[in-house]
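For reference, the structure is listed below as structure tokens.
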There are 2 protein chains.
Amino acid sequence: MAYAAVNLAEKLERLTEQWSPRVVAELNDYQFKVVRLEGDFVWHDHPETDEAFLVLEGELRIDFRDGAVTLGPGELFVVPRGVEHKPFAEKEVRMLLIEPRGVLNTGRAGGERTAVNDLWI
Amino acid sequence: MAYAAVNLAEKLERLTEQWSPRVVAELNDYQFKVVRLEGDFVWHDHPETDEAFLVLEGELRIDFRDGAVTLGPGELFVVPRGVEHKPFAEKEVRMLLIEPRGVLNTGRAGGERTAVNDLWI
């Protein structure tokens, strides 16, 4: 059988749209999603799940109501369930999200920044 | 509050032992584990779960009974549950494993290569 690895940089190169996570692999009922972010997002939380961010290129800041964390390439952070957060990137950041299938990017905040879910690339 | 990112390369630098996965973060009931591999492992499978491999440095080959896949830095592969596999690295590979808490490195094969589980670094 032919087995193929997922090259994350190649997937991100093909993804031209920012703020639009695309699924690249599944692990049981979890999904790996690549995403390109630039600028500011909306405050939101995910009451039902933690959410993992792994930066591949660039720098991501995640703001919390009482602090912030900055991630560079090869750095990982897990936002605990129910904790309000707001991703921010001064320049474009390319990264991997890991979370259960069905999680919306805006969590329970909703609104116009909500991306279509479960798109693959 | 002080929030800290997990720097995967730093964690791997501190992990001197090969074939000994160490937990660096948790996502619900899943764990992110760093591991350094070199040489050959045993054939095994995990009947209860998929298992994700993300190579950070070096090259990993995963052999299957009917083929193989080779991963370089920034490449991801998910081994489906119940599929027999055998990781191999000609030179040391440094990588991230993502799988549910409680998964043993040798799956249901067991034996002397079984690492102590749930150690953090």
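In the structure tokens, chains take the letters A, B, ... in the order shown, each chain's residues start at 1, and ligands count up from 1 in the order shown.
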
Which residues of chain B come within 10 Å of chain A, and what is each one's closest atom pair and distance in Å (one decimal), counting only C-alpha atoms, sorted by chain and residue number, as JSON lines?
```
{"residue": "B:Met1", "atom": "CA", "partner": "A:Gly67", "partner_atom": "CA", "distance": 5.6}
{"residue": "B:Ala2", "atom": "CA", "partner": "A:Gly67", "partner_atom": "CA", "distance": 6.6}
{"residue": "B:Tyr3", "atom": "CA", "partner": "A:Val69", "partner_atom": "CA", "distance": 5.4}
{"residue": "B:Ala4", "atom": "CA", "partner": "A:Val69", "partner_atom": "CA", "distance": 6.1}
{"residue": "B:Ala5", "atom": "CA", "partner": "A:Phe77", "partner_atom": "CA", "distance": 5.2}
{"residue": "B:Val6", "atom": "CA", "partner": "A:Leu76", "partner_atom": "CA", "distance": 4.9}
{"residue": "B:Asn7", "atom": "CA", "partner": "A:Glu75", "partner_atom": "CA", "distance": 4.5}
{"residue": "B:Leu8", "atom": "CA", "partner": "A:Gly74", "partner_atom": "CA", "distance": 5.8}
{"residue": "B:Ala9", "atom": "CA", "partner": "A:Gly74", "partner_atom": "CA", "distance": 7.0}
{"residue": "B:Glu10", "atom": "CA", "partner": "A:Gly74", "partner_atom": "CA", "distance": 9.5}
{"residue": "B:Val24", "atom": "CA", "partner": "A:Leu76", "partner_atom": "CA", "distance": 9.1}
{"residue": "B:Ala25", "atom": "CA", "partner": "A:Val78", "partner_atom": "CA", "distance": 7.2}
{"residue": "B:Glu26", "atom": "CA", "partner": "A:Val78", "partner_atom": "CA", "distance": 7.3}
{"residue": "B:Leu27", "atom": "CA", "partner": "A:Asp50", "partner_atom": "CA", "distance": 5.6}
{"residue": "B:Asn28", "atom": "CA", "partner": "A:Asp50", "partner_atom": "CA", "distance": 5.8}
{"residue": "B:Asp29", "atom": "CA", "partner": "A:Asp50", "partner_atom": "CA", "distance": 9.6}
{"residue": "B:Tyr30", "atom": "CA", "partner": "A:Tyr30", "partner_atom": "CA", "distance": 9.6}
{"residue": "B:Phe32", "atom": "CA", "partner": "A:Leu76", "partner_atom": "CA", "distance": 9.5}
{"residue": "B:Glu48", "atom": "CA", "partner": "A:Asn28", "partner_atom": "CA", "distance": 9.6}
{"residue": "B:Thr49", "atom": "CA", "partner": "A:Asn28", "partner_atom": "CA", "distance": 6.7}
{"residue": "B:Asp50", "atom": "CA", "partner": "A:Leu27", "partner_atom": "CA", "distance": 5.6}
{"residue": "B:Glu51", "atom": "CA", "partner": "A:Leu27", "partner_atom": "CA", "distance": 6.7}
{"residue": "B:Ala52", "atom": "CA", "partner": "A:Leu27", "partner_atom": "CA", "distance": 6.7}
{"residue": "B:Phe53", "atom": "CA", "partner": "A:Ala5", "partner_atom": "CA", "distance": 9.7}
{"residue": "B:Leu54", "atom": "CA", "partner": "A:Val6", "partner_atom": "CA", "distance": 9.2}
{"residue": "B:Leu56", "atom": "CA", "partner": "A:Gly74", "partner_atom": "CA", "distance": 8.1}
{"residue": "B:Ile62", "atom": "CA", "partner": "A:Tyr3", "partner_atom": "CA", "distance": 9.6}
{"residue": "B:Asp63", "atom": "CA", "partner": "A:Tyr3", "partner_atom": "CA", "distance": 9.8}
{"residue": "B:Phe64", "atom": "CA", "partner": "A:Met1", "partner_atom": "CA", "distance": 8.9}
{"residue": "B:Arg65", "atom": "CA", "partner": "A:Met1", "partner_atom": "CA", "distance": 9.2}
{"residue": "B:Asp66", "atom": "CA", "partner": "A:Met1", "partner_atom": "CA", "distance": 5.7}
{"residue": "B:Gly67", "atom": "CA", "partner": "A:Met1", "partner_atom": "CA", "distance": 5.5}
{"residue": "B:Ala68", "atom": "CA", "partner": "A:Tyr3", "partner_atom": "CA", "distance": 6.3}
{"residue": "B:Val69", "atom": "CA", "partner": "A:Tyr3", "partner_atom": "CA", "distance": 5.4}
{"residue": "B:Thr70", "atom": "CA", "partner": "A:Ala5", "partner_atom": "CA", "distance": 7.0}
{"residue": "B:Leu71", "atom": "CA", "partner": "A:Ala5", "partner_atom": "CA", "distance": 6.2}
{"residue": "B:Gly72", "atom": "CA", "partner": "A:Asn7", "partner_atom": "CA", "distance": 8.5}
{"residue": "B:Pro73", "atom": "CA", "partner": "A:Asn7", "partner_atom": "CA", "distance": 8.6}
{"residue": "B:Gly74", "atom": "CA", "partner": "A:Leu8", "partner_atom": "CA", "distance": 5.8}
{"residue": "B:Glu75", "atom": "CA", "partner": "A:Asn7", "partner_atom": "CA", "distance": 4.5}
{"residue": "B:Leu76", "atom": "CA", "partner": "A:Val6", "partner_atom": "CA", "distance": 4.9}
{"residue": "B:Phe77", "atom": "CA", "partner": "A:Ala5", "partner_atom": "CA", "distance": 5.2}
{"residue": "B:Val78", "atom": "CA", "partner": "A:Leu27", "partner_atom": "CA", "distance": 6.5}
{"residue": "B:Val79", "atom": "CA", "partner": "A:Leu27", "partner_atom": "CA", "distance": 8.5}
{"residue": "B:Pro80", "atom": "CA", "partner": "A:Leu27", "partner_atom": "CA", "distance": 7.9}
{"residue": "B:Arg81", "atom": "CA", "partner": "A:Asn28", "partner_atom": "CA", "distance": 8.4}
{"residue": "B:Ile98", "atom": "CA", "partner": "A:Leu27", "partner_atom": "CA", "distance": 8.5}
{"residue": "B:Glu99", "atom": "CA", "partner": "A:Leu27", "partner_atom": "CA", "distance": 7.9}
{"residue": "B:Pro100", "atom": "CA", "partner": "A:Asn28", "partner_atom": "CA", "distance": 9.4}
```

Next on the checklist: Which residues are near Lys11 in chain B? Cut-off 9 Å, only C-alpha atoms, ignore same chain within fewer than 6 positions. Put them as a list in words.
Outcome noted: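 The residues that qualify are Arg22, Val24, Val34 and Ile121 of chain B.
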
Item to check | chain B: residues DSSP assigns to strand (DSSP E or B), reported as a PyMOL selection string | outcome: chain B and resi 6-7+22-27+30-40+44+51-57+60-64+67-71+75-79+85-100+120

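Atom to atom, CA of His85 in chain B and CA of Thr16 in chain B stand 24.7 Å apart.
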
Item to check | Option closest in space to Ala109 in chain A, from A:Val42, A:Val23, A:Val35, A:Leu12 [counting only C-alpha atoms] | outcome: A:Val42

Next on the checklist: Between CA of Asn117 in chain A and CA of Lys33 in chain A, what is the distance in Å, rounded to a tenth?
Outcome noted: 10.4 Å

Next on the checklist: Can you pull out every residue from range 9-113 of chain A that DSSP, working from the backbone, puts in helix (DSSP H, G or I), and format the result as a list of chain:residue names?
Outcome noted: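 Filtering range 9-113 of chain A down to helix (DSSP H, G or I) leaves A:Ala9, A:Glu10, A:Lys11, A:Leu12, A:Glu13, A:Arg14.
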